[in-house]
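Chemist: Please find structure.cif (mmCIF, C-alpha atoms and all ligand atoms) on the next line:
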```
data_start
loop_
_atom_site.group_PDB
_atom_site.id
_atom_site.type_symbol
_atom_site.label_atom_id
_atom_site.label_comp_id
_atom_site.auth_asym_id
_atom_site.auth_seq_id
_atom_site.Cartn_x
_atom_site.Cartn_y
_atom_site.Cartn_z
ATOM 1 C CA MET A 1009 0.000 0.000 0.000
ATOM 2 C CA GLU A 1010 1.356 3.389 -0.994
ATOM 3 C CA THR A 1011 0.072 6.496 0.761
ATOM 4 C CA VAL A 1012 -0.112 9.325 -1.737
ATOM 5 C CA SER A 1013 -2.048 12.163 -0.063
ATOM 6 C CA PRO A 1014 -0.356 14.173 2.714
ATOM 7 C CA ASP A 1015 -3.153 13.224 5.171
ATOM 8 C CA ALA A 1016 -3.456 9.578 4.169
ATOM 9 C CA GLU A 1017 -2.154 8.137 7.442
ATOM 10 C CA ARG A 1018 -4.399 10.394 9.500
ATOM 11 C CA HIS A 1019 -7.465 9.426 7.425
ATOM 12 C CA TYR A 1020 -6.569 5.734 7.659
ATOM 13 C CA ALA A 1021 -6.166 5.881 11.450
ATOM 14 C CA ALA A 1022 -9.501 7.734 11.779
ATOM 15 C CA VAL A 1023 -11.257 5.116 9.645
ATOM 16 C CA VAL A 1024 -9.872 2.329 11.853
ATOM 17 C CA ARG A 1025 -10.983 4.155 15.003
ATOM 18 C CA GLY A 1026 -14.415 4.813 13.457
ATOM 19 C CA ALA A 1027 -15.002 1.248 12.231
ATOM 20 C CA ASP A 1028 -18.239 0.860 14.214
ATOM 21 C CA ARG A 1029 -19.830 3.380 11.844
ATOM 22 C CA LEU A 1030 -17.639 2.680 8.807
ATOM 23 C CA VAL A 1031 -19.203 1.953 5.408
ATOM 24 C CA VAL A 1032 -16.940 0.505 2.705
ATOM 25 C CA GLY A 1033 -17.898 0.931 -0.962
ATOM 26 C CA LEU A 1034 -16.139 -1.335 -3.444
ATOM 27 C CA ASP A 1035 -16.102 -1.192 -7.206
ATOM 28 C CA PHE A 1036 -16.170 -4.599 -8.942
ATOM 29 C CA ASP A 1037 -14.141 -4.766 -12.211
ATOM 30 C CA GLY A 1038 -10.523 -3.803 -11.646
ATOM 31 C CA THR A 1039 -11.040 -3.621 -7.880
ATOM 32 C CA LEU A 1040 -12.673 -6.821 -6.568
ATOM 33 C CA ALA A 1041 -12.222 -8.670 -9.869
ATOM 34 C CA PRO A 1042 -9.105 -8.710 -12.060
ATOM 35 C CA ILE A 1043 -9.584 -7.177 -15.524
ATOM 36 C CA VAL A 1044 -9.967 -9.817 -18.241
ATOM 37 C CA GLU A 1045 -10.479 -9.558 -21.997
ATOM 38 C CA ASP A 1046 -14.013 -10.945 -21.998
ATOM 39 C CA PRO A 1047 -16.337 -9.176 -19.508
ATOM 40 C CA GLU A 1048 -18.453 -12.339 -19.212
ATOM 41 C CA GLN A 1049 -15.427 -14.218 -17.871
ATOM 42 C CA ALA A 1050 -14.680 -11.771 -15.029
ATOM 43 C CA ARG A 1051 -14.824 -13.312 -11.550
ATOM 44 C CA ILE A 1052 -14.272 -12.039 -8.048
ATOM 45 C CA HIS A 1053 -10.670 -12.398 -6.836
ATOM 46 C CA PRO A 1054 -9.970 -15.866 -5.374
ATOM 47 C CA ARG A 1055 -9.582 -14.282 -1.909
ATOM 48 C CA GLY A 1056 -12.674 -12.075 -2.380
ATOM 49 C CA ARG A 1057 -15.203 -14.213 -0.519
ATOM 50 C CA GLU A 1058 -13.101 -14.549 2.627
ATOM 51 C CA VAL A 1059 -12.037 -10.911 2.571
ATOM 52 C CA LEU A 1060 -15.627 -9.634 2.186
ATOM 53 C CA LEU A 1061 -16.859 -11.875 5.017
ATOM 54 C CA ARG A 1062 -14.137 -10.625 7.391
ATOM 55 C CA LEU A 1063 -14.709 -7.017 6.341
ATOM 56 C CA ALA A 1064 -18.477 -7.133 6.763
ATOM 57 C CA GLU A 1065 -18.037 -8.459 10.291
ATOM 58 C CA ALA A 1066 -15.697 -5.617 11.216
ATOM 59 C CA VAL A 1067 -17.597 -2.580 9.906
ATOM 60 C CA ARG A 1068 -21.136 -1.198 9.713
ATOM 61 C CA GLY A 1069 -21.766 -1.896 6.037
ATOM 62 C CA VAL A 1070 -20.151 -3.177 2.849
ATOM 63 C CA ALA A 1071 -21.485 -2.312 -0.606
ATOM 64 C CA VAL A 1072 -20.387 -3.338 -4.077
ATOM 65 C CA VAL A 1073 -21.030 -0.217 -6.167
ATOM 66 C CA THR A 1074 -20.712 -1.169 -9.813
ATOM 67 C CA GLY A 1075 -21.510 -0.253 -13.386
ATOM 68 C CA ARG A 1076 -22.616 -3.811 -13.990
ATOM 69 C CA PRO A 1077 -26.199 -4.992 -13.645
ATOM 70 C CA ALA A 1078 -26.762 -6.067 -10.028
ATOM 71 C CA ARG A 1079 -27.881 -9.598 -10.961
ATOM 72 C CA GLN A 1080 -24.752 -10.134 -13.031
ATOM 73 C CA VAL A 1081 -22.394 -8.991 -10.302
ATOM 74 C CA LEU A 1082 -24.237 -11.149 -7.771
ATOM 75 C CA ALA A 1083 -23.448 -14.147 -9.980
ATOM 76 C CA LEU A 1084 -19.872 -13.199 -10.930
ATOM 77 C CA GLY A 1085 -19.020 -12.366 -7.334
ATOM 78 C CA GLY A 1086 -20.846 -15.222 -5.615
ATOM 79 C CA LEU A 1087 -22.349 -12.375 -3.591
ATOM 80 C CA ASP A 1088 -25.673 -14.130 -2.959
ATOM 81 C CA GLU A 1089 -23.869 -16.873 -1.050
ATOM 82 C CA ILE A 1090 -21.739 -14.345 0.814
ATOM 83 C CA GLY A 1091 -24.990 -12.556 1.749
ATOM 84 C CA ASP A 1092 -26.401 -15.881 3.031
ATOM 85 C CA GLU A 1093 -23.416 -16.366 5.311
ATOM 86 C CA LEU A 1094 -23.547 -12.794 6.530
ATOM 87 C CA GLY A 1095 -27.275 -13.045 7.267
ATOM 88 C CA GLY A 1096 -26.503 -15.881 9.694
ATOM 89 C CA ARG A 1097 -24.085 -13.537 11.442
ATOM 90 C CA GLY A 1098 -26.485 -10.557 11.543
ATOM 91 C CA ARG A 1099 -24.526 -8.598 8.918
ATOM 92 C CA ASP A 1100 -25.556 -7.121 5.561
ATOM 93 C CA LEU A 1101 -24.078 -6.777 2.111
ATOM 94 C CA TYR A 1102 -25.386 -4.295 -0.477
ATOM 95 C CA VAL A 1103 -25.063 -4.314 -4.256
ATOM 96 C CA LEU A 1104 -25.734 -1.008 -6.030
ATOM 97 C CA GLY A 1105 -25.768 -1.910 -9.718
ATOM 98 C CA GLN A 1106 -25.742 0.124 -12.951
ATOM 99 C CA TYR A 1107 -24.124 3.135 -11.257
ATOM 100 C CA GLY A 1108 -26.626 3.121 -8.401
ATOM 101 C CA ASN A 1109 -29.762 2.663 -10.522
ATOM 102 C CA GLU A 1110 -30.273 -0.854 -9.145
ATOM 103 C CA ARG A 1111 -30.223 -2.028 -5.559
ATOM 104 C CA TRP A 1112 -29.959 -5.384 -3.828
ATOM 105 C CA SER A 1113 -29.279 -6.149 -0.197
ATOM 106 C CA SER A 1114 -28.713 -9.410 1.593
ATOM 107 C CA HIS A 1115 -31.744 -8.740 3.823
ATOM 108 C CA GLU A 1116 -34.167 -7.665 1.063
ATOM 109 C CA ARG A 1117 -32.999 -10.345 -1.404
ATOM 110 C CA ARG A 1118 -34.420 -8.794 -4.561
ATOM 111 C CA VAL A 1119 -33.100 -6.458 -7.199
ATOM 112 C CA ILE A 1120 -34.957 -3.175 -7.465
ATOM 113 C CA THR A 1121 -34.477 -1.756 -10.953
ATOM 114 C CA PRO A 1122 -36.067 1.108 -12.921
ATOM 115 C CA LYS A 1123 -37.400 0.887 -16.481
ATOM 116 C CA PRO A 1124 -34.854 1.211 -19.328
ATOM 117 C CA PRO A 1125 -34.470 4.801 -20.531
ATOM 118 C CA ARG A 1126 -36.414 5.946 -23.595
ATOM 119 C CA GLY A 1127 -34.228 6.051 -26.667
ATOM 120 C CA LEU A 1128 -31.928 3.203 -25.673
ATOM 121 C CA ALA A 1129 -33.641 0.630 -27.897
ATOM 122 C CA THR A 1130 -33.517 2.979 -30.914
ATOM 123 C CA LEU A 1131 -29.869 3.765 -30.256
ATOM 124 C CA SER A 1132 -29.175 0.030 -30.037
ATOM 125 C CA SER A 1133 -30.657 -0.448 -33.516
ATOM 126 C CA GLU A 1134 -28.424 2.374 -34.848
ATOM 127 C CA LEU A 1135 -25.246 0.969 -33.312
ATOM 128 C CA PRO A 1136 -24.176 -1.490 -36.041
ATOM 129 C CA GLY A 1137 -24.050 1.412 -38.542
ATOM 130 C CA ILE A 1138 -22.188 3.665 -36.080
ATOM 131 C CA LEU A 1139 -19.621 0.939 -35.385
ATOM 132 C CA ARG A 1140 -19.162 0.177 -39.084
ATOM 133 C CA ARG A 1141 -18.625 3.830 -40.010
ATOM 134 C CA ALA A 1142 -16.031 4.151 -37.203
ATOM 135 C CA ASP A 1143 -14.184 1.090 -38.529
ATOM 136 C CA ALA A 1144 -15.021 -0.739 -35.292
ATOM 137 C CA ALA A 1145 -17.651 -3.197 -36.501
ATOM 138 C CA GLU A 1146 -16.111 -5.931 -34.331
ATOM 139 C CA ALA A 1147 -16.516 -4.000 -31.077
ATOM 140 C CA TRP A 1148 -18.490 -6.061 -28.575
ATOM 141 C CA VAL A 1149 -21.808 -4.572 -27.496
ATOM 142 C CA GLU A 1150 -22.893 -5.452 -23.980
ATOM 143 C CA GLU A 1151 -26.678 -5.202 -23.516
ATOM 144 C CA LYS A 1152 -27.176 -4.236 -19.883
ATOM 145 C CA GLY A 1153 -30.905 -3.532 -19.832
ATOM 146 C CA LEU A 1154 -30.506 0.047 -18.571
ATOM 147 C CA ALA A 1155 -27.404 0.728 -20.689
ATOM 148 C CA LEU A 1156 -25.288 -0.399 -23.624
ATOM 149 C CA GLY A 1157 -21.562 -1.002 -23.262
ATOM 150 C CA ILE A 1158 -19.402 -0.743 -26.397
ATOM 151 C CA HIS A 1159 -16.171 -2.627 -25.678
ATOM 152 C CA THR A 1160 -12.983 -2.303 -27.756
ATOM 153 C CA ARG A 1161 -10.586 -4.379 -25.610
ATOM 154 C CA ARG A 1162 -10.624 -7.318 -28.007
ATOM 155 C CA LEU A 1163 -10.014 -5.237 -31.155
ATOM 156 C CA PRO A 1164 -6.491 -5.146 -32.667
ATOM 157 C CA ASP A 1165 -5.885 -1.512 -31.520
ATOM 158 C CA PRO A 1166 -8.378 -0.940 -28.661
ATOM 159 C CA ASP A 1167 -7.278 2.629 -27.804
ATOM 160 C CA ALA A 1168 -7.523 3.858 -31.381
ATOM 161 C CA ALA A 1169 -10.945 2.233 -31.857
ATOM 162 C CA LEU A 1170 -12.186 3.823 -28.624
ATOM 163 C CA GLU A 1171 -11.014 7.233 -29.844
ATOM 164 C CA ARG A 1172 -12.775 6.796 -33.212
ATOM 165 C CA LEU A 1173 -16.008 5.896 -31.415
ATOM 166 C CA ARG A 1174 -16.079 8.744 -28.889
ATOM 167 C CA GLU A 1175 -17.566 11.397 -31.163
ATOM 168 C CA PRO A 1176 -20.229 9.342 -33.039
ATOM 169 C CA VAL A 1177 -21.345 7.513 -29.888
ATOM 170 C CA GLY A 1178 -21.500 10.809 -27.991
ATOM 171 C CA GLU A 1179 -23.540 12.391 -30.777
ATOM 172 C CA ALA A 1180 -26.018 9.474 -30.850
ATOM 173 C CA ALA A 1181 -26.326 9.545 -27.051
ATOM 174 C CA ARG A 1182 -27.093 13.284 -27.053
ATOM 175 C CA ARG A 1183 -29.685 12.836 -29.799
ATOM 176 C CA HIS A 1184 -31.540 10.342 -27.579
ATOM 177 C CA ASP A 1185 -31.109 12.359 -24.387
ATOM 178 C CA LEU A 1186 -28.696 9.792 -22.976
ATOM 179 C CA VAL A 1187 -25.167 10.182 -21.563
ATOM 180 C CA VAL A 1188 -21.859 8.448 -22.254
ATOM 181 C CA GLU A 1189 -19.967 6.905 -19.342
ATOM 182 C CA PRO A 1190 -16.383 6.222 -20.459
ATOM 183 C CA GLY A 1191 -14.462 3.379 -18.833
ATOM 184 C CA ARG A 1192 -11.579 0.995 -19.383
ATOM 185 C CA MET A 1193 -11.754 0.218 -23.121
ATOM 186 C CA VAL A 1194 -15.497 0.831 -23.038
ATOM 187 C CA LEU A 1195 -18.043 3.547 -23.738
ATOM 188 C CA GLU A 1196 -21.331 3.029 -21.959
ATOM 189 C CA VAL A 1197 -24.530 4.774 -23.015
ATOM 190 C CA ARG A 1198 -27.093 5.200 -20.266
ATOM 191 C CA ALA A 1199 -29.566 7.617 -18.695
ATOM 192 C CA GLY A 1200 -28.138 10.587 -16.826
ATOM 193 C CA GLY A 1201 -29.181 11.677 -13.358
ATOM 194 C CA MET A 1202 -27.588 8.891 -11.335
ATOM 195 C CA ASP A 1203 -23.962 8.030 -10.641
ATOM 196 C CA LYS A 1204 -21.798 6.315 -8.042
ATOM 197 C CA GLY A 1205 -21.535 9.589 -6.123
ATOM 198 C CA ALA A 1206 -25.291 9.760 -5.566
ATOM 199 C CA ALA A 1207 -25.186 6.075 -4.592
ATOM 200 C CA VAL A 1208 -22.513 6.819 -1.952
ATOM 201 C CA HIS A 1209 -24.551 9.711 -0.521
ATOM 202 C CA ARG A 1210 -27.705 7.567 -0.269
ATOM 203 C CA LEU A 1211 -25.898 4.713 1.414
ATOM 204 C CA ALA A 1212 -24.066 6.978 3.845
ATOM 205 C CA GLU A 1213 -27.385 8.466 4.887
ATOM 206 C CA GLU A 1214 -29.215 5.143 5.109
ATOM 207 C CA LEU A 1215 -26.506 3.555 7.268
ATOM 208 C CA ASP A 1216 -25.766 6.732 9.234
ATOM 209 C CA ALA A 1217 -22.101 6.437 8.276
ATOM 210 C CA GLY A 1218 -19.578 8.177 10.494
ATOM 211 C CA ALA A 1219 -16.788 7.069 8.161
ATOM 212 C CA PHE A 1220 -16.735 6.098 4.484
ATOM 213 C CA CYS A 1221 -13.997 4.326 2.557
ATOM 214 C CA PHE A 1222 -14.328 3.910 -1.211
ATOM 215 C CA VAL A 1223 -12.093 1.670 -3.310
ATOM 216 C CA GLY A 1224 -12.183 2.029 -7.109
ATOM 217 C CA ASP A 1225 -10.088 1.945 -10.244
ATOM 218 C CA ASP A 1226 -11.865 3.695 -13.088
ATOM 219 C CA LEU A 1227 -13.440 6.927 -14.338
ATOM 220 C CA GLY A 1228 -16.898 5.790 -13.191
ATOM 221 C CA ASP A 1229 -15.562 5.862 -9.612
ATOM 222 C CA VAL A 1230 -14.523 9.521 -9.737
ATOM 223 C CA GLU A 1231 -18.022 10.634 -8.659
ATOM 224 C CA ALA A 1232 -17.839 8.265 -5.680
ATOM 225 C CA PHE A 1233 -14.496 9.781 -4.688
ATOM 226 C CA LYS A 1234 -16.026 13.260 -4.950
ATOM 227 C CA ALA A 1235 -18.960 12.171 -2.790
ATOM 228 C CA VAL A 1236 -16.574 10.950 -0.080
ATOM 229 C CA GLY A 1237 -14.913 14.378 -0.337
ATOM 230 C CA ASP A 1238 -18.328 16.016 0.251
ATOM 231 C CA LEU A 1239 -18.944 13.749 3.239
ATOM 232 C CA ARG A 1240 -15.575 14.783 4.668
ATOM 233 C CA ALA A 1241 -16.586 18.417 4.386
ATOM 234 C CA ASP A 1242 -19.646 17.504 6.498
ATOM 235 C CA GLY A 1243 -17.482 15.946 9.218
ATOM 236 C CA VAL A 1244 -17.583 12.300 8.118
ATOM 237 C CA VAL A 1245 -14.221 10.526 8.114
ATOM 238 C CA GLY A 1246 -13.210 9.557 4.560
ATOM 239 C CA LEU A 1247 -10.589 7.382 2.917
ATOM 240 C CA LEU A 1248 -10.044 7.119 -0.846
ATOM 241 C CA VAL A 1249 -8.271 4.061 -2.182
ATOM 242 C CA ALA A 1250 -7.265 3.587 -5.826
ATOM 243 C CA SER A 1251 -6.731 0.162 -7.288
ATOM 244 C CA GLY A 1252 -3.848 1.131 -9.545
ATOM 245 C CA SER A 1253 -3.330 -0.005 -13.121
ATOM 246 C CA ARG A 1254 -1.240 1.050 -16.102
ATOM 247 C CA GLU A 1255 -4.496 1.641 -17.986
ATOM 248 C CA GLU A 1256 -6.183 4.366 -15.900
ATOM 249 C CA SER A 1257 -4.620 6.953 -13.597
ATOM 250 C CA ALA A 1258 -7.534 9.339 -12.955
ATOM 251 C CA LEU A 1259 -8.242 7.928 -9.482
ATOM 252 C CA VAL A 1260 -4.596 7.613 -8.510
ATOM 253 C CA ASP A 1261 -4.355 11.405 -8.715
ATOM 254 C CA LEU A 1262 -7.305 11.797 -6.308
ATOM 255 C CA ALA A 1263 -6.577 8.979 -3.853
ATOM 256 C CA ASP A 1264 -5.151 8.879 -0.329
ATOM 257 C CA VAL A 1265 -3.838 5.377 -0.849
ATOM 258 C CA VAL A 1266 -2.870 3.456 -3.982
ATOM 259 C CA VAL A 1267 -2.697 -0.327 -4.041
ATOM 260 C CA ALA A 1268 -1.545 -2.695 -6.769
ATOM 261 C CA GLY A 1269 -4.760 -3.807 -8.495
ATOM 262 C CA PRO A 1270 -7.166 -6.390 -7.052
ATOM 263 C CA ASP A 1271 -4.315 -8.294 -5.300
ATOM 264 C CA GLY A 1272 -3.427 -5.071 -3.512
ATOM 265 C CA VAL A 1273 -7.104 -4.422 -2.700
ATOM 266 C CA MET A 1274 -7.326 -7.811 -0.967
ATOM 267 C CA ASP A 1275 -4.165 -7.075 1.056
ATOM 268 C CA PHE A 1276 -5.434 -3.604 1.955
ATOM 269 C CA LEU A 1277 -8.853 -4.824 3.157
ATOM 270 C CA ASP A 1278 -7.270 -7.654 5.150
ATOM 271 C CA ALA A 1279 -4.870 -5.221 6.813
ATOM 272 C CA LEU A 1280 -7.750 -2.837 7.570
ATOM 273 C CA VAL A 1281 -9.688 -5.606 9.310
ATOM 274 C CA ASP A 1282 -6.555 -6.679 11.228
ATOM 275 C CA ASP A 1283 -6.054 -3.110 12.458
ATOM 276 C CA VAL A 1284 -9.718 -2.736 13.464
ATOM 277 C CA ARG A 1285 -9.593 -6.023 15.371
ATOM 278 C CA ALA A 1286 -6.300 -5.110 17.055
ATOM 279 C CA LEU A 1287 -7.760 -1.828 18.279
ATOM 280 C CA ARG A 1288 -10.839 -3.594 19.676
ATOM 281 C CA ALA A 1289 -8.870 -6.380 21.393
HETATM 282 O O1 LIG B 1301 -18.031 -0.244 -12.028
HETATM 283 P P1 LIG B 1301 -17.323 -1.535 -12.326
HETATM 284 O O2 LIG B 1301 -17.666 -2.621 -11.383
HETATM 285 O O3 LIG B 1301 -15.829 -1.345 -12.439
HETATM 286 O O4 LIG B 1301 -17.822 -1.964 -13.768
HETATM 287 C C1 LIG B 1301 -17.428 -1.173 -14.906
HETATM 288 C C2 LIG B 1301 -17.619 -1.974 -16.179
HETATM 289 O O5 LIG B 1301 -16.867 -3.170 -16.034
HETATM 290 C C3 LIG B 1301 -16.927 -4.166 -17.047
HETATM 291 O O6 LIG B 1301 -16.022 -3.823 -18.065
HETATM 292 C C4 LIG B 1301 -14.675 -3.725 -17.636
HETATM 293 O O7 LIG B 1301 -14.221 -5.006 -17.147
HETATM 294 C C5 LIG B 1301 -14.125 -6.031 -18.161
HETATM 295 C C6 LIG B 1301 -13.731 -7.342 -17.474
HETATM 296 O O8 LIG B 1301 -12.511 -7.246 -16.820
HETATM 297 C C7 LIG B 1301 -13.124 -5.601 -19.245
HETATM 298 O O9 LIG B 1301 -13.032 -6.590 -20.254
HETATM 299 C C8 LIG B 1301 -13.596 -4.266 -19.849
HETATM 300 O O10 LIG B 1301 -12.617 -3.796 -20.766
HETATM 301 C C9 LIG B 1301 -13.793 -3.227 -18.751
HETATM 302 O O11 LIG B 1301 -14.339 -2.025 -19.280
HETATM 303 C C10 LIG B 1301 -18.343 -4.426 -17.519
HETATM 304 O O12 LIG B 1301 -18.335 -5.160 -18.716
HETATM 305 C C11 LIG B 1301 -19.204 -3.174 -17.633
HETATM 306 O O13 LIG B 1301 -20.561 -3.540 -17.800
HETATM 307 C C12 LIG B 1301 -19.077 -2.370 -16.361
HETATM 308 O O14 LIG B 1301 -19.902 -1.209 -16.408
#
```
Show me, as structure tokens, the structure contained in the file I just sent.
Ligand SMILES: O=P(O)(O)OC[C@H]1O[C@H](O[C@H]2O[C@H](CO)[C@@H](O)[C@H](O)[C@H]2O)[C@H](O)[C@@H](O)[C@@H]1O
Modeler:
Amino acid sequence: METVSPDAERHYAAVVRGADRLVVGLDFDGTLAPIVEDPEQARIHPRGREVLLRLAEAVRGVAVVTGRPARQVLALGGLDEIGDELGGRGRDLYVLGQYGNERWSSHERRVITPKPPRGLATLSSELPGILRRADAAEAWVEEKGLALGIHTRRLPDPDAALERLREPVGEAARRHDLVVEPGRMVLEVRAGGMDKGAAVHRLAEELDAGAFCFVGDDLGDVEAFKAVGDLRADGVVGLLVASGSREESALVDLADVVVAGPDGVMDFLDALVDDVRALRA
């Protein structure tokens, strides 16, 4: 773990001391799950189950806050089963899917999801032409129900294809009153009005958080980092952790602590729980 902000150690110590009211928000891809070429093959880190169980027992709340559909991340993360185990121990796990538009919790056991935004189906039918004209016909389109993800990772030059797609995808999104959420080798088209920052604020209020730690890796997590900054301004203890990668540095520049990808996230969360337990012993 590398501390990068001048106050990182102070924030970390305050989070450990405030663990009784600590909420931990965790991104999925690139944070809990290693990045892989095919999004359908992503899985939670091999240590993820054990780490999440220990963490949930040590703090007030744990939430996976992801761009993925909640049902998908429940399956890829084995989060349903983790929720089962936590229920037996009187603890809860939350999944806030599609940038906070969907919600699942281990006590409610159902996914609450809004209707797909108007215009998404029409945009979907226009996509093959948009991709062809941008010389990216082989880009993989992920149908997420509330959003479309256009992935270039498996194209011969993913960065160049992503660049060629930015303008035409942005134009189509605007025409249908939708927004583009850029990510790691992906452009997602979805409804505006909700993001991971709003999801953090809602959760902090619901769980009466006295401390909030968010761990993320990608542009979609920037709003969550900003929300933790807002909470800090209101007197809540905050800690920002970036899961570092060579691909994306936006969060590294904003973080208190940088760890080495999902392996580093597992080590960080384990160490956090050890420190909380040591203080309570
Ligand atoms: O908010 P997250 O949990 O980080 O989800 C963001 C998007 O992640 C997925 O795509 C990313 O991970 C894939 C698997 O490692 C990788 O192949 C792809 O290049 C990445 O962009 C997912 O497919 C999206 O639906 C999520 O919104």
Chemist: Could you tell me which of A:Ala1147, A:Leu1277, A:Ala1022, A:Leu1030 comes closest to Arg1161 in chain A if we count all atoms listed in the file?
Modeler: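 Of all the options, A:Ala1147 lies closest to Arg1161 in chain A.
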Chemist: Take the PyMOL selection byres (((chain A and resi 1042) around 12) and not hetatm), run it mentally on this structure, and tell me the resulting residues as a ChimeraX atom specification.
Modeler: /A:1035-1041,1043-1047,1049-1056,1084-1085,1225,1251-1253,1268-1274
Chemist: In Å, how far is it from CA of Arg1062 in chain A to CA of Leu1094 in chain A?
Modeler: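 Atom-to-atom, CA of Arg1062 in chain A to CA of Leu1094 in chain A, that is 9.7 Å.
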Chemist: Just how far from CA of Arg1198 in chain A is CA of Pro1124 in chain A, in Å to one decimal?
Modeler: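 Spanning CA of Pro1124 in chain A to CA of Arg1198 in chain A is a straight-line distance of 8.8 Å.
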Chemist: As a check of understanding, name the residues that the PyMOL selection byres (((chain A and resi 1025-1028) around 12) and not hetatm) selects in the supplied structure, as a ChimeraX atom specification.
Modeler: /A:1018-1024,1029-1032,1063-1070,1215-1221,1244-1247,1280-1288
Chemist: As a list in words, please: the residues near range 1171-1175 of chain A (cut-off 12 Å, all atoms listed in the file, same-chain neighbours under 6 positions excluded).
Modeler: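 Those residues are Leu1135, Pro1136, Gly1137, Ile1138, Leu1139, Arg1140, Arg1141, Ala1142, Asp1143, Ala1144, Ala1145, Ala1147, Ile1158, His1159, Thr1160, Asp1165, Ala1181, Arg1182, Val1187, Val1188, Glu1189, Pro1190, Gly1191, Met1193, Val1194, Leu1195, Glu1196 and Val1197 of chain A.
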Chemist: Produce a file of the selected residues containing C-alpha atoms, as a PDB file, keeping the file's coordinate frame.
Modeler:
```pdb
ATOM      1  CA  LEU A1135     -25.246   0.969 -33.312  1.00  0.00           C
ATOM      2  CA  PRO A1136     -24.176  -1.490 -36.041  1.00  0.00           C
ATOM      3  CA  GLY A1137     -24.050   1.412 -38.542  1.00  0.00           C
ATOM      4  CA  ILE A1138     -22.188   3.665 -36.080  1.00  0.00           C
ATOM      5  CA  LEU A1139     -19.621   0.939 -35.385  1.00  0.00           C
ATOM      6  CA  ARG A1140     -19.162   0.177 -39.084  1.00  0.00           C
ATOM      7  CA  ARG A1141     -18.625   3.830 -40.010  1.00  0.00           C
ATOM      8  CA  ALA A1142     -16.031   4.151 -37.203  1.00  0.00           C
ATOM      9  CA  ASP A1143     -14.184   1.090 -38.529  1.00  0.00           C
ATOM     10  CA  ALA A1144     -15.021  -0.739 -35.292  1.00  0.00           C
ATOM     11  CA  ALA A1145     -17.651  -3.197 -36.501  1.00  0.00           C
ATOM     12  CA  ALA A1147     -16.516  -4.000 -31.077  1.00  0.00           C
ATOM     13  CA  ILE A1158     -19.402  -0.743 -26.397  1.00  0.00           C
ATOM     14  CA  HIS A1159     -16.171  -2.627 -25.678  1.00  0.00           C
ATOM     15  CA  THR A1160     -12.983  -2.303 -27.756  1.00  0.00           C
ATOM     16  CA  ASP A1165      -5.885  -1.512 -31.520  1.00  0.00           C
ATOM     17  CA  ALA A1181     -26.326   9.545 -27.051  1.00  0.00           C
ATOM     18  CA  ARG A1182     -27.093  13.284 -27.053  1.00  0.00           C
ATOM     19  CA  VAL A1187     -25.167  10.182 -21.563  1.00  0.00           C
ATOM     20  CA  VAL A1188     -21.859   8.448 -22.254  1.00  0.00           C
ATOM     21  CA  GLU A1189     -19.967   6.905 -19.342  1.00  0.00           C
ATOM     22  CA  PRO A1190     -16.383   6.222 -20.459  1.00  0.00           C
ATOM     23  CA  GLY A1191     -14.462   3.379 -18.833  1.00  0.00           C
ATOM     24  CA  MET A1193     -11.754   0.218 -23.121  1.00  0.00           C
ATOM     25  CA  VAL A1194     -15.497   0.831 -23.038  1.00  0.00           C
ATOM     26  CA  LEU A1195     -18.043   3.547 -23.738  1.00  0.00           C
ATOM     27  CA  GLU A1196     -21.331   3.029 -21.959  1.00  0.00           C
ATOM     28  CA  VAL A1197     -24.530   4.774 -23.015  1.00  0.00           C
TER      29      VAL A1197
END
```
Chemist: May I ask which of the residues A:Asp1242, A:Glu1150, A:Glu1179, A:Asp1015 is the closest one to ligand LIG 1301 (chain B), counting all atoms listed in the file?
Modeler: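 Comparing A:Asp1242, A:Glu1150, A:Glu1179, A:Asp1015 against ligand LIG 1301 (chain B), the winner is A:Glu1150.
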Chemist: Which of these, A:Gly1033, A:Pro1166, A:Gly1178, A:Gly1237, has the shortest distance to Val1208 in chain A once you count all atoms listed in the file?
Modeler: A:Gly1033
Chemist: Starting from the displayed file, determine the output of the PyMOL selection byres (((chain A and resi 1115-1122) around 9) and not hetatm) and express the residue list as number ranges by chain.
Modeler: A: 1078-1079, 1088, 1091-1092, 1095, 1099-1103, 1105, 1109-1114, 1123-1125, 1154
Chemist: In Å, with one decimal, what is the gap from CA of Pro1077 in chain A to atom O7 of ligand LIG 1301 (chain B)?
Modeler: 12.5 Å
Chemist: Just checking: using only C-alpha atoms and all ligand atoms, which residue out of A:Glu1231, A:Asp1278, A:Glu1214, A:Glu1058 ends up closest to ligand LIG 1301 (chain B)?
Modeler: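 Checking each of A:Glu1231, A:Asp1278, A:Glu1214, A:Glu1058 against ligand LIG 1301 (chain B), counting only C-alpha atoms and all ligand atoms, the winner is A:Glu1231.
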